[in-house]
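Step one of this worksheet: look at the structure below.
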Amino acid sequence: MGNNTKNEITFLTYDIETFLSIFCVVFKYKDRYKTFEISERKDEYFELIDFLKQGSSKGWFFVGFNNVRFDWQVMQWLLDAKDSFIKLSGKTKAKHIMDFAQSVIEKINNREFPPYQESKFSCQQLDLYLQHHLNNRVRSCSLKWLEYSMNWKKIQDLPYKFNEPLSKDKFDDVILYCHNDVDATEEFFKKSEKMV
């Protein structure tokens with residue numbers, strides 16, 4: 001995924017989902033998806049870390065919506081937590097990830113700085129939320145509202161609470177939901193190309 005020619009920049013759109021029972025991240029590049037799951041069903045943590053290190057070394061840009069203040073905060077923490085994660089089960093990792101994600105959300109809601117400065121990120125980010133100045137209180141909107149504004153084909157919310165256990169048969173719902181958000185982010189990125 002994302003083989004660069006000499007002057008080509010690789011942009012991967014992505015999104016994460018954090019639940020008590022499952023963490024997933026979906027990347028998309030040229031109509032191809034790369035999904036990583038951390039749960040009791042699968043533990044692809046180390047494969048994810050290898051993928052992120054590859055992205056860092058190749059200079060990929062990771063494109064998201066509010067990723068500088070949320071998604072990549074979690075991803076950077078995952079990169080930094082490698083040593084403490086070695087012996088944990090996928091189920092335990094998912095819980096720790098959810099706990100960290102909630103701490104980031106609390107900081108943002110309290111108008112505090114998130115744990116990581118953008119200058120300390122291991123991988124380059126393009127945040128469409130910031131690019132379009134949607135962090136301005138007057139212009140602020142969610143990805144769901146953006147999907148509505150774009151007449152997106154499938155606007156959905158999952159009926160699951162992030163802090164309640166999900167059965168394994170619900171995990172694929174979470175991943176498909178994440179795919180849909182990545183597709184919507186990619187569409188918004190295409191509409192934003194002149195700004196980029």
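Chain labels follow the order of the structure tokens: the first chain is A, the next B, and so on; residue numbering restarts at 1 in every chain, and ligands are counted from 1 in their shown order.
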*asked:* For the structure I just gave you, how does DSSP split chain A - specifically, which residues are alpha helix (DSSP H)? Reply as JSON, numbers by chain.
replied: {"A": [45, 46, 47, 48, 49, 50, 51, 52, 53, 54, 55, 56, 57, 58, 72, 73, 74, 75, 76, 77, 78, 79, 80, 82, 83, 84, 85, 90, 91, 92, 93, 94, 95, 96, 97, 98, 99, 100, 101, 102, 103, 104, 105, 106, 107, 108, 109, 128, 129, 130, 131, 143, 144, 145, 146, 147, 148, 149, 171, 172, 173, 174, 175, 176, 177, 178, 179, 180, 181, 182, 183, 184, 185, 186, 187, 188, 189, 190, 191]}
_At a cut-off of 8 Å, using only C-alpha atoms, what residues contact A:Val26? Leave out same-chain residues fewer than 3 positions from it and give the result as a PyMOL selection string._
chain A and resi 14-16+33-36+175+178-179+182
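Residue nearest A:Asn66, chosen from A:His96, A:Thr185, A:Asp80, A:Phe85 and counting only C-alpha atoms: A:Thr185.
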Please produce, as a Markdown table, a per-residue contact table for stretch 16-118 of chain A versus stretch 165-171 of chain A (criterion: any atom at most 12 Å away, only C-alpha atoms considered), showing the nearest atom pair and its distance in Å to one decimal, sorted by chain then residue number.
```
| residue | atom | partner | partner_atom | distance |
| --- | --- | --- | --- | --- |
| A:Glu17 | CA | A:Phe171 | CA | 10.6 |
| A:Thr18 | CA | A:Phe171 | CA | 11.2 |
| A:Phe19 | CA | A:Pro165 | CA | 7.8 |
| A:Leu20 | CA | A:Pro165 | CA | 5.7 |
| A:Ser21 | CA | A:Pro165 | CA | 5.3 |
| A:Ile22 | CA | A:Phe171 | CA | 7.0 |
| A:Phe23 | CA | A:Phe171 | CA | 9.3 |
| A:Cys24 | CA | A:Phe171 | CA | 9.2 |
| A:Phe36 | CA | A:Phe171 | CA | 12.0 |
| A:Glu37 | CA | A:Phe171 | CA | 9.1 |
| A:Ile38 | CA | A:Phe171 | CA | 10.3 |
| A:Ser39 | CA | A:Phe171 | CA | 8.7 |
| A:Glu40 | CA | A:Lys168 | CA | 8.1 |
| A:Arg41 | CA | A:Lys168 | CA | 6.9 |
| A:Lys42 | CA | A:Lys168 | CA | 10.2 |
| A:Lys91 | CA | A:Pro165 | CA | 10.3 |
| A:Thr92 | CA | A:Pro165 | CA | 12.0 |
| A:Ala94 | CA | A:Pro165 | CA | 10.7 |
| A:Lys95 | CA | A:Pro165 | CA | 9.7 |
| A:Met98 | CA | A:Pro165 | CA | 11.5 |
```
*Pick from A:Phe100, A:Trp77, A:Tyr29, A:Phe65 nearest to A:Ser122, counting only C-alpha atoms*: A:Trp77
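Distances here use only C-alpha atoms; by that measure, the residue among A:Ala101, A:Val174, A:Leu78, A:Leu88 closest to A:Pro114 is A:Ala101.
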Hey, what's within 12 Å of A:Leu126 if we count only C-alpha atoms and toss same-chain stuff fewer than 2 positions away? As an mmCIF file with all heavy atoms, in the first residue's frame, please?
```
data_model
loop_
_atom_site.group_PDB
_atom_site.id
_atom_site.type_symbol
_atom_site.label_atom_id
_atom_site.label_comp_id
_atom_site.auth_asym_id
_atom_site.auth_seq_id
_atom_site.Cartn_x
_atom_site.Cartn_y
_atom_site.Cartn_z
ATOM 1 N N THR A 10 2.013 10.165 -1.065
ATOM 2 C CA THR A 10 0.979 9.185 -0.746
ATOM 3 C C THR A 10 0.091 9.718 0.367
ATOM 4 O O THR A 10 0.583 10.074 1.438
ATOM 5 C CB THR A 10 1.613 7.851 -0.313
ATOM 6 O OG1 THR A 10 2.383 7.343 -1.408
ATOM 7 C CG2 THR A 10 0.556 6.835 0.068
ATOM 8 N N PHE A 11 -1.214 9.783 0.090
ATOM 9 C CA PHE A 11 -2.206 10.188 1.074
ATOM 10 C C PHE A 11 -3.073 8.984 1.401
ATOM 11 O O PHE A 11 -3.684 8.398 0.509
ATOM 12 C CB PHE A 11 -3.096 11.313 0.524
ATOM 13 C CG PHE A 11 -2.375 12.607 0.263
ATOM 14 C CD1 PHE A 11 -1.947 12.929 -1.023
ATOM 15 C CD2 PHE A 11 -2.133 13.507 1.288
ATOM 16 C CE1 PHE A 11 -1.293 14.128 -1.277
ATOM 17 C CE2 PHE A 11 -1.474 14.712 1.049
ATOM 18 C CZ PHE A 11 -1.052 15.019 -0.240
ATOM 19 N N LEU A 12 -3.149 8.617 2.668
ATOM 20 C CA LEU A 12 -4.017 7.537 3.117
ATOM 21 C C LEU A 12 -5.091 8.148 4.010
ATOM 22 O O LEU A 12 -4.763 8.841 4.975
ATOM 23 C CB LEU A 12 -3.246 6.505 3.938
ATOM 24 C CG LEU A 12 -2.254 5.600 3.237
ATOM 25 C CD1 LEU A 12 -0.914 6.278 3.082
ATOM 26 C CD2 LEU A 12 -2.094 4.323 4.019
ATOM 27 N N THR A 13 -6.358 7.915 3.684
ATOM 28 C CA THR A 13 -7.405 8.352 4.590
ATOM 29 C C THR A 13 -7.592 7.275 5.653
ATOM 30 O O THR A 13 -7.367 6.089 5.396
ATOM 31 C CB THR A 13 -8.740 8.612 3.855
ATOM 32 O OG1 THR A 13 -9.066 7.471 3.070
ATOM 33 C CG2 THR A 13 -8.644 9.824 2.958
ATOM 34 N N TYR A 14 -7.985 7.704 6.847
ATOM 35 C CA TYR A 14 -8.144 6.724 7.924
ATOM 36 C C TYR A 14 -9.116 7.218 8.982
ATOM 37 O O TYR A 14 -9.459 8.405 9.047
ATOM 38 C CB TYR A 14 -6.789 6.390 8.554
ATOM 39 C CG TYR A 14 -6.251 7.420 9.529
ATOM 40 C CD1 TYR A 14 -6.336 7.212 10.910
ATOM 41 C CD2 TYR A 14 -5.657 8.593 9.091
ATOM 42 C CE1 TYR A 14 -5.832 8.140 11.805
ATOM 43 C CE2 TYR A 14 -5.153 9.525 9.981
ATOM 44 C CZ TYR A 14 -5.250 9.299 11.345
ATOM 45 O OH TYR A 14 -4.755 10.225 12.230
ATOM 46 N N TRP A 60 4.471 8.950 4.203
ATOM 47 C CA TRP A 60 3.049 8.994 3.867
ATOM 48 C C TRP A 60 2.350 10.076 4.673
ATOM 49 O O TRP A 60 2.728 10.378 5.802
ATOM 50 C CB TRP A 60 2.376 7.667 4.179
ATOM 51 C CG TRP A 60 2.866 6.488 3.407
ATOM 52 C CD1 TRP A 60 3.615 6.492 2.262
ATOM 53 C CD2 TRP A 60 2.655 5.105 3.739
ATOM 54 N NE1 TRP A 60 3.869 5.208 1.853
ATOM 55 C CE2 TRP A 60 3.292 4.334 2.743
ATOM 56 C CE3 TRP A 60 1.996 4.452 4.765
ATOM 57 C CZ2 TRP A 60 3.279 2.940 2.757
ATOM 58 C CZ3 TRP A 60 1.970 3.070 4.789
ATOM 59 C CH2 TRP A 60 2.613 2.323 3.793
ATOM 60 N N PHE A 61 1.311 10.662 4.095
ATOM 61 C CA PHE A 61 0.429 11.574 4.805
ATOM 62 C C PHE A 61 -0.831 10.814 5.201
ATOM 63 O O PHE A 61 -1.478 10.199 4.357
ATOM 64 C CB PHE A 61 0.043 12.769 3.925
ATOM 65 C CG PHE A 61 1.037 13.883 3.947
ATOM 66 C CD1 PHE A 61 2.113 13.877 3.077
ATOM 67 C CD2 PHE A 61 0.909 14.930 4.842
ATOM 68 C CE1 PHE A 61 3.045 14.895 3.083
ATOM 69 C CE2 PHE A 61 1.837 15.963 4.866
ATOM 70 C CZ PHE A 61 2.910 15.943 3.990
ATOM 71 N N PHE A 62 -1.172 10.872 6.469
ATOM 72 C CA PHE A 62 -2.374 10.228 6.982
ATOM 73 C C PHE A 62 -3.466 11.292 7.090
ATOM 74 O O PHE A 62 -3.311 12.262 7.825
ATOM 75 C CB PHE A 62 -2.088 9.566 8.329
ATOM 76 C CG PHE A 62 -1.167 8.385 8.214
ATOM 77 C CD1 PHE A 62 0.215 8.555 8.157
ATOM 78 C CD2 PHE A 62 -1.677 7.105 8.124
ATOM 79 C CE1 PHE A 62 1.066 7.466 8.038
ATOM 80 C CE2 PHE A 62 -0.834 6.002 8.002
ATOM 81 C CZ PHE A 62 0.542 6.187 7.963
ATOM 82 N N VAL A 63 -4.545 11.091 6.335
ATOM 83 C CA VAL A 63 -5.607 12.091 6.204
ATOM 84 C C VAL A 63 -6.810 11.656 7.024
ATOM 85 O O VAL A 63 -7.300 10.534 6.879
ATOM 86 C CB VAL A 63 -6.035 12.249 4.725
ATOM 87 C CG1 VAL A 63 -7.124 13.302 4.579
ATOM 88 C CG2 VAL A 63 -4.826 12.574 3.854
ATOM 89 N N GLY A 64 -7.291 12.555 7.873
ATOM 90 C CA GLY A 64 -8.449 12.228 8.685
ATOM 91 C C GLY A 64 -9.306 13.449 8.949
ATOM 92 O O GLY A 64 -9.079 14.535 8.391
ATOM 93 N N PHE A 65 -10.276 13.248 9.814
ATOM 94 C CA PHE A 65 -11.176 14.326 10.208
ATOM 95 C C PHE A 65 -11.091 14.443 11.722
ATOM 96 O O PHE A 65 -11.487 13.537 12.446
ATOM 97 C CB PHE A 65 -12.617 14.007 9.761
ATOM 98 C CG PHE A 65 -13.574 15.142 9.977
ATOM 99 C CD1 PHE A 65 -13.705 16.126 9.007
ATOM 100 C CD2 PHE A 65 -14.320 15.233 11.147
ATOM 101 C CE1 PHE A 65 -14.583 17.195 9.202
ATOM 102 C CE2 PHE A 65 -15.194 16.289 11.350
ATOM 103 C CZ PHE A 65 -15.327 17.272 10.375
ATOM 104 N N ASN A 66 -10.508 15.536 12.188
ATOM 105 C CA ASN A 66 -10.207 15.765 13.604
ATOM 106 C C ASN A 66 -9.159 14.776 14.113
ATOM 107 O O ASN A 66 -9.151 14.388 15.281
ATOM 108 C CB ASN A 66 -11.473 15.704 14.474
ATOM 109 C CG ASN A 66 -11.272 16.375 15.817
ATOM 110 O OD1 ASN A 66 -10.433 17.254 15.978
ATOM 111 N ND2 ASN A 66 -12.030 15.950 16.811
ATOM 112 N N ASN A 67 -8.271 14.376 13.226
ATOM 113 C CA ASN A 67 -7.251 13.393 13.578
ATOM 114 C C ASN A 67 -6.101 13.965 14.399
ATOM 115 O O ASN A 67 -5.496 13.250 15.176
ATOM 116 C CB ASN A 67 -6.708 12.673 12.332
ATOM 117 C CG ASN A 67 -6.336 13.602 11.212
ATOM 118 O OD1 ASN A 67 -7.124 14.459 10.830
ATOM 119 N ND2 ASN A 67 -5.156 13.447 10.652
ATOM 120 N N VAL A 68 -5.804 15.259 14.253
ATOM 121 C CA VAL A 68 -4.697 15.835 15.017
ATOM 122 C C VAL A 68 -5.029 15.846 16.513
ATOM 123 O O VAL A 68 -4.183 15.539 17.344
ATOM 124 C CB VAL A 68 -4.342 17.253 14.508
ATOM 125 C CG1 VAL A 68 -3.454 18.005 15.492
ATOM 126 C CG2 VAL A 68 -3.653 17.149 13.149
ATOM 127 N N ARG A 69 -6.260 16.155 16.836
ATOM 128 C CA ARG A 69 -6.650 16.257 18.249
ATOM 129 C C ARG A 69 -7.238 14.970 18.816
ATOM 130 O O ARG A 69 -7.391 14.852 20.024
ATOM 131 C CB ARG A 69 -7.623 17.417 18.442
ATOM 132 C CG ARG A 69 -6.929 18.760 18.299
ATOM 133 C CD ARG A 69 -7.869 19.942 18.322
ATOM 134 N NE ARG A 69 -8.704 20.061 19.500
ATOM 135 C CZ ARG A 69 -8.342 20.640 20.640
ATOM 136 N NH1 ARG A 69 -7.134 21.145 20.758
ATOM 137 N NH2 ARG A 69 -9.180 20.729 21.641
ATOM 138 N N ASP A 71 -7.741 11.153 16.673
ATOM 139 C CA ASP A 71 -7.319 9.857 16.130
ATOM 140 C C ASP A 71 -5.814 9.630 16.276
ATOM 141 O O ASP A 71 -5.391 8.570 16.739
ATOM 142 C CB ASP A 71 -7.717 9.732 14.656
ATOM 143 C CG ASP A 71 -9.207 9.843 14.443
ATOM 144 O OD1 ASP A 71 -9.757 10.936 14.646
ATOM 145 O OD2 ASP A 71 -9.833 8.849 14.064
ATOM 146 N N TRP A 72 -5.014 10.622 15.841
ATOM 147 C CA TRP A 72 -3.569 10.373 15.910
ATOM 148 C C TRP A 72 -3.036 10.470 17.329
ATOM 149 O O TRP A 72 -1.984 9.901 17.644
ATOM 150 C CB TRP A 72 -2.769 11.265 14.967
ATOM 151 C CG TRP A 72 -1.415 10.629 14.780
ATOM 152 C CD1 TRP A 72 -0.260 10.914 15.451
ATOM 153 C CD2 TRP A 72 -1.119 9.513 13.937
ATOM 154 N NE1 TRP A 72 0.742 10.058 15.069
ATOM 155 C CE2 TRP A 72 0.243 9.186 14.127
ATOM 156 C CE3 TRP A 72 -1.863 8.764 13.032
ATOM 157 C CZ2 TRP A 72 0.862 8.150 13.459
ATOM 158 C CZ3 TRP A 72 -1.230 7.740 12.359
ATOM 159 C CH2 TRP A 72 0.118 7.450 12.580
ATOM 160 N N GLU A 118 1.499 18.239 17.708
ATOM 161 C CA GLU A 118 1.599 17.745 16.337
ATOM 162 C C GLU A 118 3.058 17.597 15.901
ATOM 163 O O GLU A 118 3.408 16.685 15.162
ATOM 164 C CB GLU A 118 0.836 18.657 15.385
ATOM 165 C CG GLU A 118 0.709 18.096 13.992
ATOM 166 C CD GLU A 118 -0.144 18.948 13.069
ATOM 167 O OE1 GLU A 118 -0.660 19.990 13.498
ATOM 168 O OE2 GLU A 118 -0.273 18.555 11.897
ATOM 169 N N PHE A 121 4.497 14.112 16.422
ATOM 170 C CA PHE A 121 3.904 12.939 15.777
ATOM 171 C C PHE A 121 4.953 12.189 14.960
ATOM 172 O O PHE A 121 5.786 12.802 14.303
ATOM 173 C CB PHE A 121 2.770 13.346 14.843
ATOM 174 C CG PHE A 121 1.515 13.832 15.524
ATOM 175 C CD1 PHE A 121 0.507 14.410 14.780
ATOM 176 C CD2 PHE A 121 1.336 13.721 16.888
ATOM 177 C CE1 PHE A 121 -0.662 14.860 15.379
ATOM 178 C CE2 PHE A 121 0.179 14.167 17.504
ATOM 179 C CZ PHE A 121 -0.826 14.730 16.748
ATOM 180 N N CYS A 123 4.184 10.321 12.344
ATOM 181 C CA CYS A 123 3.745 10.299 10.954
ATOM 182 C C CYS A 123 3.058 11.625 10.617
ATOM 183 O O CYS A 123 2.411 12.233 11.466
ATOM 184 C CB CYS A 123 2.780 9.147 10.703
ATOM 185 S SG CYS A 123 3.503 7.509 10.965
ATOM 186 N N GLN A 124 3.193 12.032 9.367
ATOM 187 C CA GLN A 124 2.613 13.287 8.909
ATOM 188 C C GLN A 124 1.089 13.183 8.838
ATOM 189 O O GLN A 124 0.559 12.180 8.374
ATOM 190 C CB GLN A 124 3.161 13.640 7.527
ATOM 191 C CG GLN A 124 4.669 13.811 7.508
ATOM 192 C CD GLN A 124 5.184 14.069 6.116
ATOM 193 O OE1 GLN A 124 5.373 15.207 5.732
ATOM 194 N NE2 GLN A 124 5.392 13.005 5.352
ATOM 195 N N LEU A 128 -8.508 17.395 7.875
ATOM 196 C CA LEU A 128 -9.488 18.156 7.094
ATOM 197 C C LEU A 128 -10.338 19.051 7.990
ATOM 198 O O LEU A 128 -10.799 20.102 7.555
ATOM 199 C CB LEU A 128 -10.377 17.200 6.293
ATOM 200 C CG LEU A 128 -9.628 16.343 5.268
ATOM 201 C CD1 LEU A 128 -10.560 15.306 4.652
ATOM 202 C CD2 LEU A 128 -9.001 17.206 4.183
ATOM 203 N N TYR A 129 -10.516 18.663 9.224
ATOM 204 C CA TYR A 129 -11.247 19.461 10.206
ATOM 205 C C TYR A 129 -10.534 20.801 10.417
ATOM 206 O O TYR A 129 -11.164 21.858 10.430
ATOM 207 C CB TYR A 129 -11.332 18.664 11.501
ATOM 208 C CG TYR A 129 -12.104 19.294 12.627
ATOM 209 C CD1 TYR A 129 -13.494 19.330 12.616
ATOM 210 C CD2 TYR A 129 -11.440 19.809 13.740
ATOM 211 C CE1 TYR A 129 -14.204 19.871 13.674
ATOM 212 C CE2 TYR A 129 -12.141 20.352 14.801
ATOM 213 C CZ TYR A 129 -13.522 20.382 14.761
ATOM 214 O OH TYR A 129 -14.223 20.919 15.816
ATOM 215 N N LEU A 130 -9.222 20.746 10.567
ATOM 216 C CA LEU A 130 -8.433 21.971 10.739
ATOM 217 C C LEU A 130 -8.239 22.704 9.420
ATOM 218 O O LEU A 130 -8.245 23.940 9.377
ATOM 219 C CB LEU A 130 -7.074 21.643 11.371
ATOM 220 C CG LEU A 130 -7.111 21.053 12.776
ATOM 221 C CD1 LEU A 130 -5.704 20.689 13.239
ATOM 222 C CD2 LEU A 130 -7.764 22.015 13.758
ATOM 223 N N GLN A 131 -8.047 21.953 8.347
ATOM 224 C CA GLN A 131 -7.836 22.538 7.021
ATOM 225 C C GLN A 131 -8.984 23.480 6.642
ATOM 226 O O GLN A 131 -8.785 24.519 6.050
ATOM 227 C CB GLN A 131 -7.716 21.412 5.989
ATOM 228 C CG GLN A 131 -7.286 21.844 4.609
ATOM 229 C CD GLN A 131 -5.784 21.996 4.495
ATOM 230 O OE1 GLN A 131 -5.045 21.371 5.229
ATOM 231 N NE2 GLN A 131 -5.336 22.819 3.588
ATOM 232 N N HIS A 132 -10.203 23.070 7.019
ATOM 233 C CA HIS A 132 -11.395 23.862 6.695
ATOM 234 C C HIS A 132 -11.819 24.775 7.845
ATOM 235 O O HIS A 132 -12.917 25.328 7.816
ATOM 236 C CB HIS A 132 -12.560 22.930 6.315
ATOM 237 C CG HIS A 132 -12.402 22.319 4.965
ATOM 238 N ND1 HIS A 132 -12.913 22.886 3.824
ATOM 239 C CD2 HIS A 132 -11.762 21.191 4.570
ATOM 240 C CE1 HIS A 132 -12.616 22.129 2.781
ATOM 241 N NE2 HIS A 132 -11.909 21.099 3.205
ATOM 242 N N THR A 185 -14.645 10.437 4.573
ATOM 243 C CA THR A 185 -13.461 11.301 4.737
ATOM 244 C C THR A 185 -12.718 11.425 3.408
ATOM 245 O O THR A 185 -12.279 12.518 3.024
ATOM 246 C CB THR A 185 -12.529 10.730 5.823
ATOM 247 O OG1 THR A 185 -13.253 10.631 7.053
ATOM 248 C CG2 THR A 185 -11.304 11.607 6.018
ATOM 249 N N GLU A 186 -12.601 10.304 2.696
ATOM 250 C CA GLU A 186 -11.938 10.335 1.391
ATOM 251 C C GLU A 186 -12.689 11.246 0.415
ATOM 252 O O GLU A 186 -12.075 12.026 -0.328
ATOM 253 C CB GLU A 186 -11.847 8.925 0.817
ATOM 254 C CG GLU A 186 -11.150 8.880 -0.539
ATOM 255 C CD GLU A 186 -11.228 7.504 -1.175
ATOM 256 O OE1 GLU A 186 -12.338 6.966 -1.296
ATOM 257 O OE2 GLU A 186 -10.176 6.988 -1.559
ATOM 258 N N PHE A 189 -11.984 14.720 1.283
ATOM 259 C CA PHE A 189 -10.610 15.016 0.862
ATOM 260 C C PHE A 189 -10.566 15.349 -0.627
ATOM 261 O O PHE A 189 -9.905 16.307 -1.038
ATOM 262 C CB PHE A 189 -9.714 13.815 1.175
ATOM 263 C CG PHE A 189 -8.270 13.981 0.755
ATOM 264 C CD1 PHE A 189 -7.535 15.092 1.129
ATOM 265 C CD2 PHE A 189 -7.645 13.002 -0.011
ATOM 266 C CE1 PHE A 189 -6.203 15.243 0.747
ATOM 267 C CE2 PHE A 189 -6.315 13.143 -0.390
ATOM 268 C CZ PHE A 189 -5.602 14.253 -0.018
ATOM 269 N N SER A 192 -11.591 18.681 -1.244
ATOM 270 C CA SER A 192 -10.683 19.646 -0.625
ATOM 271 C C SER A 192 -9.351 19.774 -1.366
ATOM 272 O O SER A 192 -8.455 20.466 -0.901
ATOM 273 C CB SER A 192 -10.376 19.225 0.807
ATOM 274 O OG SER A 192 -11.548 19.016 1.548
ATOM 275 N N GLU A 193 -9.234 19.092 -2.508
ATOM 276 C CA GLU A 193 -7.913 19.014 -3.168
ATOM 277 C C GLU A 193 -7.316 20.374 -3.499
ATOM 278 O O GLU A 193 -6.119 20.571 -3.399
ATOM 279 C CB GLU A 193 -8.019 18.150 -4.425
ATOM 280 C CG GLU A 193 -7.957 16.674 -4.113
ATOM 281 C CD GLU A 193 -7.931 15.808 -5.351
ATOM 282 O OE1 GLU A 193 -8.726 16.063 -6.271
ATOM 283 O OE2 GLU A 193 -7.109 14.866 -5.373
ATOM 284 N N MET A 195 -7.563 23.090 -1.820
ATOM 285 C CA MET A 195 -6.998 23.644 -0.582
ATOM 286 C C MET A 195 -5.683 22.959 -0.228
ATOM 287 O O MET A 195 -4.752 23.594 0.281
ATOM 288 C CB MET A 195 -7.972 23.469 0.587
ATOM 289 C CG MET A 195 -9.210 24.328 0.497
ATOM 290 S SD MET A 195 -10.248 24.092 1.947
ATOM 291 C CE MET A 195 -9.315 24.988 3.169
ATOM 292 N N VAL A 196 -5.613 21.666 -0.502
ATOM 293 C CA VAL A 196 -4.409 20.900 -0.165
ATOM 294 C C VAL A 196 -3.288 21.264 -1.123
ATOM 295 O O VAL A 196 -2.157 21.426 -0.757
ATOM 296 C CB VAL A 196 -4.703 19.385 -0.206
ATOM 297 C CG1 VAL A 196 -3.439 18.588 0.012
ATOM 298 C CG2 VAL A 196 -5.757 19.030 0.832
#
```
